[in-house]
>>> print(open('target.cif').read())   # mmCIF, C-alpha atoms and all ligand atoms
data_target
loop_
_atom_site.label_atom_id
_atom_site.label_comp_id
_atom_site.auth_asym_id
_atom_site.auth_seq_id
_atom_site.Cartn_x
_atom_site.Cartn_y
_atom_site.Cartn_z
CA MET N 1 -17.75 13.00 15.33
CA THR N 2 -21.02 11.03 15.69
CA ARG N 3 -21.76 7.99 13.52
CA LYS N 4 -24.49 9.98 11.69
CA ASN N 5 -22.10 12.88 10.96
CA LEU N 6 -19.44 10.44 9.87
CA THR N 7 -21.82 8.76 7.41
CA ALA N 8 -22.95 12.17 6.08
CA SER N 9 -19.39 13.34 5.59
CA ARG N 10 -18.49 10.03 3.89
CA LEU N 11 -21.48 10.41 1.56
CA ALA N 12 -20.45 13.99 0.73
CA ARG N 13 -16.91 12.84 0.04
CA ASN N 14 -18.05 9.99 -2.21
CA LEU N 15 -20.33 12.39 -4.11
CA SER N 16 -17.48 14.82 -4.56
CA ARG N 17 -15.26 11.96 -5.83
CA MET N 18 -17.93 10.96 -8.36
CA VAL N 19 -18.26 14.55 -9.62
CA ARG N 20 -14.48 14.82 -9.81
CA SER N 21 -14.09 11.68 -11.87
CA CYS N 22 -16.47 13.16 -14.49
CA THR N 23 -14.92 16.67 -14.52
CA PRO N 24 -12.53 17.68 -17.32
CA PRO N 25 -9.01 18.33 -15.92
CA ILE N 26 -9.04 22.08 -16.62
CA LEU N 27 -12.30 22.57 -14.70
CA GLU N 28 -11.09 20.26 -11.96
CA LYS N 29 -8.13 22.57 -11.23
CA ILE N 30 -10.57 25.47 -10.66
CA LEU N 31 -13.29 23.54 -8.83
CA PHE N 32 -11.05 21.36 -6.67
CA PRO N 33 -7.73 23.09 -6.00
CA LYS N 34 -5.43 20.28 -4.95
CA LYS N 35 -4.65 19.87 -1.28
CA ALA N 36 -1.08 18.95 -0.55
CA ASN N 37 -1.05 15.16 -0.38
CA VAL N 38 1.82 15.06 2.02
CA GLY N 39 2.07 17.90 4.48
CA PRO N 40 4.88 18.72 6.85
CA VAL N 41 5.78 15.67 8.85
CA PRO N 42 4.57 15.95 12.44
CA PRO N 43 7.04 14.56 14.93
CA ALA N 44 6.75 10.84 15.60
CA ASN N 45 4.26 10.01 18.39
CA GLU N 46 2.08 13.04 17.58
CA SER N 47 -1.51 12.13 16.75
CA VAL N 48 -3.74 14.00 14.31
CA ALA N 49 -6.86 15.64 15.78
CA GLN N 50 -9.51 13.25 14.33
CA CYS N 51 -7.23 10.29 14.58
CA SER N 52 -7.89 7.68 17.19
CA VAL N 53 -4.79 5.74 16.19
CA PRO N 54 -1.51 7.51 16.99
CA PHE N 55 1.47 7.49 14.66
CA ILE N 56 3.94 5.72 16.90
CA ILE N 57 6.68 4.36 14.67
CA PRO N 58 9.79 6.52 14.26
CA ALA N 59 9.77 8.80 11.20
CA VAL N 60 13.14 8.74 9.48
CA PRO N 61 14.20 10.78 6.42
CA PRO N 62 14.96 8.53 3.43
CA THR N 63 18.46 10.00 3.28
CA GLU N 64 19.12 8.43 6.68
CA LEU N 65 17.71 5.08 5.66
CA TRP N 66 19.64 5.04 2.40
CA PRO N 67 22.77 7.19 2.05
CA GLY N 68 22.92 8.19 -1.62
CA PHE N 69 19.12 8.49 -1.81
CA GLU N 70 19.22 12.07 -3.11
CA GLN N 71 21.69 11.32 -5.90
CA THR N 72 19.90 8.23 -7.22
CA GLU N 73 18.71 8.55 -10.82
CA VAL N 74 15.36 7.03 -11.71
CA LYS N 75 12.92 6.74 -14.60
CA MET N 76 9.44 8.22 -14.40
CA ILE N 77 6.83 8.11 -17.15
CA PRO N 78 4.07 10.70 -17.73
CA GLY N 79 1.53 7.87 -18.12
CA GLN N 80 1.92 7.19 -14.40
CA ILE N 81 0.19 10.41 -13.45
CA ARG N 82 -3.52 10.14 -12.63
CA ASN N 83 -5.71 12.74 -10.96
CA HIS N 84 -7.57 10.44 -8.59
CA LEU N 85 -7.68 10.06 -4.84
CA TRP N 86 -6.40 6.47 -5.15
CA ALA N 87 -3.51 7.37 -7.40
CA MET N 88 -0.08 7.84 -5.91
CA PRO N 89 1.12 11.44 -6.31
CA GLU N 90 4.32 12.26 -8.17
CA ASN N 91 6.48 12.87 -5.09
CA GLU N 92 5.71 9.42 -3.69
CA LEU N 93 6.16 7.79 -7.09
CA LEU N 94 9.60 9.36 -7.11
CA VAL N 95 10.40 7.98 -3.65
CA LEU N 96 9.10 4.52 -4.61
CA SER N 97 11.23 4.62 -7.78
CA VAL N 98 14.37 5.47 -5.78
CA ILE N 99 13.62 2.77 -3.17
CA SER N 100 13.17 0.22 -5.98
CA ARG N 101 16.49 1.23 -7.50
CA LEU N 102 18.30 1.00 -4.14
CA LEU N 103 16.75 -2.24 -2.90
CA ALA N 104 17.14 -3.90 -6.32
CA PRO N 105 14.57 -6.66 -5.58
CA LYS N 106 14.48 -9.69 -7.89
CA ARG N 107 10.91 -10.62 -7.03
CA VAL N 108 8.18 -8.20 -6.04
CA PHE N 109 4.57 -8.68 -4.99
CA GLU N 110 2.09 -5.80 -4.98
CA PHE N 111 -1.35 -5.76 -3.32
CA GLY N 112 -3.47 -3.20 -5.23
CA THR N 113 -2.56 -2.55 -8.87
CA PHE N 114 -5.17 0.10 -9.76
CA THR N 115 -3.89 1.93 -12.89
CA GLY N 116 -0.41 0.51 -12.30
CA ALA N 117 1.50 3.70 -11.50
CA SER N 118 3.29 2.16 -8.52
CA THR N 119 3.83 -1.11 -10.42
CA LEU N 120 5.51 0.85 -13.20
CA ALA N 121 7.66 2.80 -10.71
CA ILE N 122 9.02 -0.54 -9.50
CA ALA N 123 9.29 -2.14 -12.96
CA ALA N 124 11.07 0.79 -14.61
CA ASN N 125 13.61 1.04 -11.82
CA THR N 126 14.69 -2.57 -11.29
CA ASP N 127 16.81 -5.03 -13.26
CA PRO N 128 15.40 -6.43 -16.51
CA GLN N 129 15.27 -9.86 -14.81
CA THR N 130 13.10 -8.64 -11.92
CA ARG N 131 9.60 -10.14 -11.89
CA ILE N 132 6.64 -8.26 -10.44
CA MET N 133 3.35 -9.88 -9.47
CA THR N 134 0.53 -7.40 -8.92
CA LEU N 135 -2.88 -8.32 -7.52
CA ASP N 136 -6.26 -6.62 -7.87
CA ILE N 137 -9.95 -7.49 -7.85
CA ASN N 138 -11.09 -9.18 -11.05
CA PRO N 139 -12.65 -6.33 -13.10
CA GLU N 140 -15.69 -8.56 -13.70
CA ASN N 141 -16.35 -8.55 -9.95
CA ARG N 142 -15.66 -4.87 -9.45
CA ARG N 143 -19.31 -3.88 -9.41
CA SER N 144 -20.33 -6.48 -6.84
CA HIS N 145 -17.24 -6.24 -4.61
CA ARG N 146 -17.86 -4.49 -1.30
CA THR N 147 -14.86 -2.71 0.10
CA GLY N 148 -13.97 -2.52 3.77
CA VAL N 149 -15.84 0.78 4.10
CA GLY N 150 -18.93 -0.75 2.52
CA SER N 151 -18.86 1.23 -0.73
CA ASP N 152 -18.41 0.09 -4.31
CA ILE N 153 -15.14 0.44 -6.16
CA PRO N 154 -16.18 3.73 -7.74
CA PHE N 155 -14.02 4.32 -10.74
CA ASP N 156 -13.97 2.81 -14.20
CA TYR N 157 -10.39 2.11 -15.16
CA VAL N 158 -8.25 -0.51 -16.85
CA ILE N 159 -6.10 -2.36 -14.35
CA GLY N 160 -2.46 -1.58 -15.08
CA GLU N 161 -3.23 0.91 -17.87
CA SER N 162 -0.09 2.92 -16.98
CA PHE N 163 2.27 0.05 -17.87
CA LEU N 164 0.40 -2.06 -20.44
CA LYS N 165 1.89 -0.28 -23.44
CA THR N 166 5.37 0.24 -22.03
CA ARG N 167 8.48 -1.87 -22.54
CA TRP N 168 8.33 -2.89 -18.88
CA ASN N 169 5.02 -4.71 -19.29
CA SER N 170 6.81 -8.02 -19.88
CA LYS N 171 8.27 -7.90 -16.34
CA ILE N 172 4.81 -7.67 -14.82
CA GLU N 173 2.23 -10.38 -14.18
CA ARG N 174 -1.30 -9.24 -13.38
CA LEU N 175 -3.18 -11.46 -10.93
CA TYR N 176 -6.91 -11.20 -10.31
CA SER N 177 -8.38 -12.19 -6.96
CA ASP N 178 -9.84 -10.71 -3.84
CA ALA N 179 -6.72 -10.61 -1.65
CA ARG N 180 -8.65 -12.46 1.08
CA ASN N 181 -8.94 -15.52 -1.18
CA PHE N 182 -5.47 -15.31 -2.63
CA ASP N 183 -3.34 -18.41 -2.07
CA THR N 184 0.27 -17.46 -1.31
CA LYS N 185 1.60 -21.05 -1.41
CA PRO N 186 3.42 -20.76 -4.79
CA TYR N 187 5.17 -17.60 -3.60
CA GLU N 188 6.12 -18.53 -0.04
CA GLY N 189 9.49 -17.17 1.08
CA LYS N 190 10.25 -15.82 -2.39
CA MET N 191 9.52 -12.09 -2.42
CA ASP N 192 12.28 -9.52 -1.87
CA LEU N 193 9.75 -6.70 -1.75
CA VAL N 194 6.04 -6.77 -0.93
CA PHE N 195 4.11 -3.55 -1.44
CA VAL N 196 0.78 -3.33 0.44
CA ASP N 197 -1.63 -0.82 -1.11
CA ALA N 198 -5.06 -2.44 -1.64
CA ASP N 199 -8.05 -2.03 0.72
CA HIS N 200 -6.88 0.16 3.61
CA THR N 201 -9.35 -0.93 6.29
CA TYR N 202 -7.91 -2.95 9.15
CA PRO N 203 -9.14 -6.50 8.39
CA PHE N 204 -7.91 -6.21 4.80
CA VAL N 205 -4.52 -4.73 5.70
CA ARG N 206 -4.14 -7.46 8.27
CA ASN N 207 -4.92 -10.11 5.64
CA ASP N 208 -2.49 -8.57 3.16
CA THR N 209 0.24 -8.19 5.78
CA GLU N 210 -0.06 -11.79 6.97
CA LYS N 211 0.21 -12.88 3.34
CA ALA N 212 3.14 -10.52 2.83
CA LEU N 213 4.91 -12.25 5.73
CA GLN N 214 4.27 -15.66 4.20
CA MET N 215 5.74 -14.53 0.89
CA LEU N 216 8.71 -12.61 2.28
CA ALA N 217 12.20 -13.89 1.47
CA PRO N 218 14.91 -13.66 4.17
CA GLY N 219 16.20 -10.09 4.06
CA GLY N 220 13.02 -8.99 2.25
CA VAL N 221 11.15 -5.72 2.72
CA ILE N 222 7.48 -4.91 3.33
CA LEU N 223 6.38 -1.45 2.28
CA TRP N 224 2.94 -0.11 3.22
CA HIS N 225 1.32 2.91 1.62
CA ASP N 226 -0.92 5.27 3.63
CA TYR N 227 0.49 4.68 7.09
CA ARG N 228 -0.03 8.44 7.41
CA TRP N 229 -3.35 9.72 6.10
CA ASP N 230 -5.60 12.81 6.13
CA ASP N 231 -9.30 13.62 6.70
CA ASP N 232 -10.24 12.52 3.17
CA THR N 233 -9.18 8.95 3.88
CA PRO N 234 -9.95 8.03 7.51
CA GLU N 235 -10.18 4.33 6.54
CA CYS N 236 -6.38 4.39 6.25
CA GLN N 237 -6.26 4.29 10.04
CA GLY N 238 -6.44 0.55 9.37
CA VAL N 239 -2.92 0.76 7.96
CA THR N 240 -1.67 2.84 10.89
CA ARG N 241 -3.15 0.42 13.41
CA LEU N 242 -1.75 -2.66 11.72
CA VAL N 243 1.74 -1.24 11.22
CA ASN N 244 1.83 -0.05 14.85
CA GLN N 245 1.04 -3.60 16.00
CA PHE N 246 3.53 -5.08 13.59
CA HIS N 247 6.18 -2.72 14.98
CA ASP N 248 5.36 -3.83 18.55
CA SER N 249 5.27 -7.54 17.94
CA VAL N 250 6.88 -8.68 14.70
CA GLY N 251 9.71 -6.32 13.86
CA GLU N 252 10.68 -2.66 13.93
CA CYS N 253 9.17 -0.45 11.25
CA ARG N 254 10.02 3.06 10.13
CA GLU N 255 7.87 5.76 8.63
CA ILE N 256 9.61 7.32 5.63
CA ALA N 257 9.48 10.99 6.59
CA GLY N 258 7.78 13.31 4.09
CA THR N 259 5.74 10.43 2.63
CA ARG N 260 2.91 8.14 3.69
CA PHE N 261 5.10 5.02 3.41
CA ALA N 262 6.04 2.72 6.28
CA ILE N 263 8.73 0.11 5.88
CA PHE N 264 9.88 -3.13 7.53
CA GLN N 265 13.29 -4.44 6.52
CA SER N 266 13.84 -8.04 7.61
CA ASP N 267 17.26 -9.51 8.22
CA ALA N 268 18.89 -12.47 6.55
CA ASN N 269 17.66 -14.85 9.28
CA PHE N 270 14.05 -13.82 8.94
CA ARG N 271 11.63 -16.75 8.50
CA TRP N 272 7.88 -16.54 8.89
CA GLN N 273 5.92 -19.69 9.49
CA ARG N 274 2.34 -19.91 8.28
CA GLN N 275 -0.08 -19.81 11.19
CA ASP N 276 -2.09 -22.60 9.59
CA SER N 277 0.83 -24.96 9.03
CA PRO N 278 0.75 -28.11 11.19
CA GLY N 279 2.81 -27.79 14.36
CA SER N 280 3.60 -24.16 13.55
CA SER N 281 6.01 -22.74 16.10
CA GLY N 282 7.98 -20.26 14.04
CA PRO N 283 10.23 -17.58 15.44
CA HIS N 284 7.29 -15.14 15.38
CA PRO N 285 4.38 -17.00 17.02
CA LEU N 286 1.95 -14.23 16.41
CA ALA N 287 -1.56 -13.78 15.15
CA PHE N 288 -3.27 -10.41 14.96
CA ASP N 289 -6.41 -10.26 17.03
CA ASP N 290 -9.31 -8.68 15.11
CA GLN N 291 -10.80 -6.71 17.97
CA SER N 292 -8.01 -5.28 20.04
CA GLY N 293 -5.19 -5.93 17.66
CA SER N 294 -3.30 -7.33 20.60
CA ARG N 295 -0.82 -10.15 20.42
CA GLU N 296 -2.15 -13.64 20.86
CA ALA N 297 -0.44 -17.00 20.91
CA ALA N 298 -0.61 -18.99 17.70
C1 LIG N 301 -5.17 2.68 -3.69
S1 LIG N 301 -5.46 1.68 -5.08
C2 LIG N 301 -3.84 1.11 -5.49
C3 LIG N 301 -3.00 2.22 -6.08
C4 LIG N 301 -1.77 1.73 -6.78
N1 LIG N 301 -0.92 0.93 -5.91
C5 LIG N 301 -1.00 2.94 -7.29
O1 LIG N 301 -0.17 3.46 -6.53
O2 LIG N 301 -1.25 3.35 -8.40
C6 LIG N 301 -6.16 0.24 -4.35
C7 LIG N 301 -6.42 -0.90 -5.31
O3 LIG N 301 -6.66 -2.05 -4.52
C8 LIG N 301 -7.68 -2.81 -5.09
N2 LIG N 301 -8.32 -3.60 -4.04
C9 LIG N 301 -9.18 -3.17 -3.09
N3 LIG N 301 -9.59 -4.18 -2.33
C10 LIG N 301 -8.95 -5.28 -2.79
C11 LIG N 301 -8.97 -6.66 -2.40
N4 LIG N 301 -9.73 -7.08 -1.39
N5 LIG N 301 -8.21 -7.52 -3.10
C12 LIG N 301 -7.44 -7.10 -4.13
N6 LIG N 301 -7.39 -5.81 -4.54
C13 LIG N 301 -8.14 -4.91 -3.88
C14 LIG N 301 -8.62 -1.79 -5.71
O4 LIG N 301 -9.39 -2.39 -6.75
C15 LIG N 301 -7.66 -0.71 -6.19
O5 LIG N 301 -7.36 -0.88 -7.54
#
>>> encode(input="target.cif", output="structure tokens", more="lines below")
Ligand SMILES: C[S@@+](CC[C@H](N)C(=O)[O-])C[C@H]1O[C@@H](n2cnc3c(N)ncnc32)[C@H](O)[C@@H]1O
Amino acid sequence: MTRKNLTASRLARNLSRMVRSCTPPILEKILFPKKANVGPVPPANESVAQCSVPFIIPAVPPTELWPGFEQTEVKMIPGQIRNHLWAMPENELLVLSVISRLLAPKRVFEFGTFTGASTLAIAANTDPQTRIMTLDINPENRRSHRTGVGSDIPFDYVIGESFLKTRWNSKIERLYSDARNFDTKPYEGKMDLVFVDADHTYPFVRNDTEKALQMLAPGGVILWHDYRWDDDTPECQGVTRLVNQFHDSVGECREIAGTRFAIFQSDANFRWQRQDSPGSSGPHPLAFDDQSGSREAA
């Protein structure tokens, strides 16, 4: 696809998104019959036609990752459901709820709150003592913020609207900052689960992942959304590229088959040292290189 065609198709897609966000739900069903969000899972290592970044990490069914997955009971709330391209569909909310129940994290950090559907999946399915920090752009800056694909944040919504009026709201702290400027110092080494689901272009996912590593507790888990993506969201190749690199150079990741999630589960000895700390020579002397994504010495 040429650059010109790509820009035209992006414009058409953005226009269609704008029309969709103003269309009443009943008309939307007729005008925009929903494409399956998650299709059959191609075998690991198979690349999608338009994709320049192959899906290389092993895809594993959740039942293999967590015996007992299918029998786990979870809570889901109708207020989580939103008909928007950015919103997580019900099947993935279900998987995220089960993962939250099984991992039982005490401290969680989320990049990308949006309407708070994923935040609520985690909050409603963890202990009452669990604390969840969730980060998004300050709504006052939403109009001026340029995303990684150069467009505005298109949709008028209240950050966290899915959980604000629920009994789980008190477990959740909303933080406002561009993730690039977010200081992880107060949270270093403390998070049992970090969920990465903000801007999906490579430099942003790289920023969020480096910060996830800084905040990760020994034995903690990083979960990325949109490792697998479709033609509507080519910018999510940034996630694929980053997770592939991470898998090669930091630690083994798995794609959760039947979903767009990828996961890294650290072990109890896991320690990440900040690249900017004086005399840094941690067990993972790695920095992601912007251009090639190749490993470089810290
Ligand atoms: C895909 S949505 C998150 C969806 C949400 N996790 C869910 O499942 O309901 C991405 C969110 O990330 C936020 N975002 C985008 N770029 C960001 C940045 N640089 N810093 C912080 N948040 C960002 C957007 O405002 C948006 O609300």
>>> residues_around(input="target.cif", residues="Glu70 (chain N)", least_positions_apart="5", cutoff="10 Å", atoms="all atoms listed in the file", output="JSON, numbers by chain")
{"N": [62, 63, 95, 98]}
>>> write_last_selection(input="target.cif", atoms="C-alpha atoms", output="short mmCIF file (atom, residue, chain, number, x, y, z; two decimals), keeping the file's coordinate frame")
data_model
loop_
_atom_site.label_atom_id
_atom_site.label_comp_id
_atom_site.auth_asym_id
_atom_site.auth_seq_id
_atom_site.Cartn_x
_atom_site.Cartn_y
_atom_site.Cartn_z
CA PRO N 62 14.96 8.53 3.43
CA THR N 63 18.46 10.00 3.28
CA VAL N 95 10.40 7.98 -3.65
CA VAL N 98 14.37 5.47 -5.78
#
>>> atom_distance(input="target.cif", atom1="CA of Asn138 (chain N)", atom2="CA of Gln237 (chain N)")
25.5 Å
>>> residues_near_ligand(input="target.cif", ligand="ligand LIG 301 (chain N)", cutoff="8 Å", atoms="only C-alpha atoms and all ligand atoms", output="ChimeraX atom specification")
/N:80,85-88,93,110-119,135-137,142,147-148,153,159,176-180,196-200,204
>>> atom_distance(input="target.cif", atom1="CA of Asp208 (chain N)", atom2="CA of Pro78 (chain N)")
29.2 Å
>>> closest_residue(input="target.cif", among="N:Trp229, N:Val74, N:Ile222, N:His247", to="Thr259 (chain N)", atoms="all atoms listed in the file")
N:Trp229
>>> closest_residue(input="target.cif", among="N:Val108, N:Ala59, N:Leu96, N:Ile132", to="Lys171 (chain N)", atoms="only C-alpha atoms")
N:Ile132
>>> atom_distance(input="target.cif", atom1="CA of Ser151 (chain N)", atom2="CA of Thr233 (chain N)")
13.2 Å
>>> closest_residue(input="target.cif", among="N:Pro58, N:Gly258, N:Pro203, N:Pro218", to="Leu242 (chain N)", atoms="all atoms listed in the file")
N:Pro203
>>> closest_residue(input="target.cif", among="N:Asn83, N:Gln245, N:Ser170, N:Gln265", to="Leu223 (chain N)", atoms="all atoms listed in the file")
N:Gln265
>>> closest_residue(input="target.cif", among="N:Phe109, N:Gly160, N:Glu64, N:His145", to="Gly79 (chain N)", atoms="only C-alpha atoms")
N:Gly160
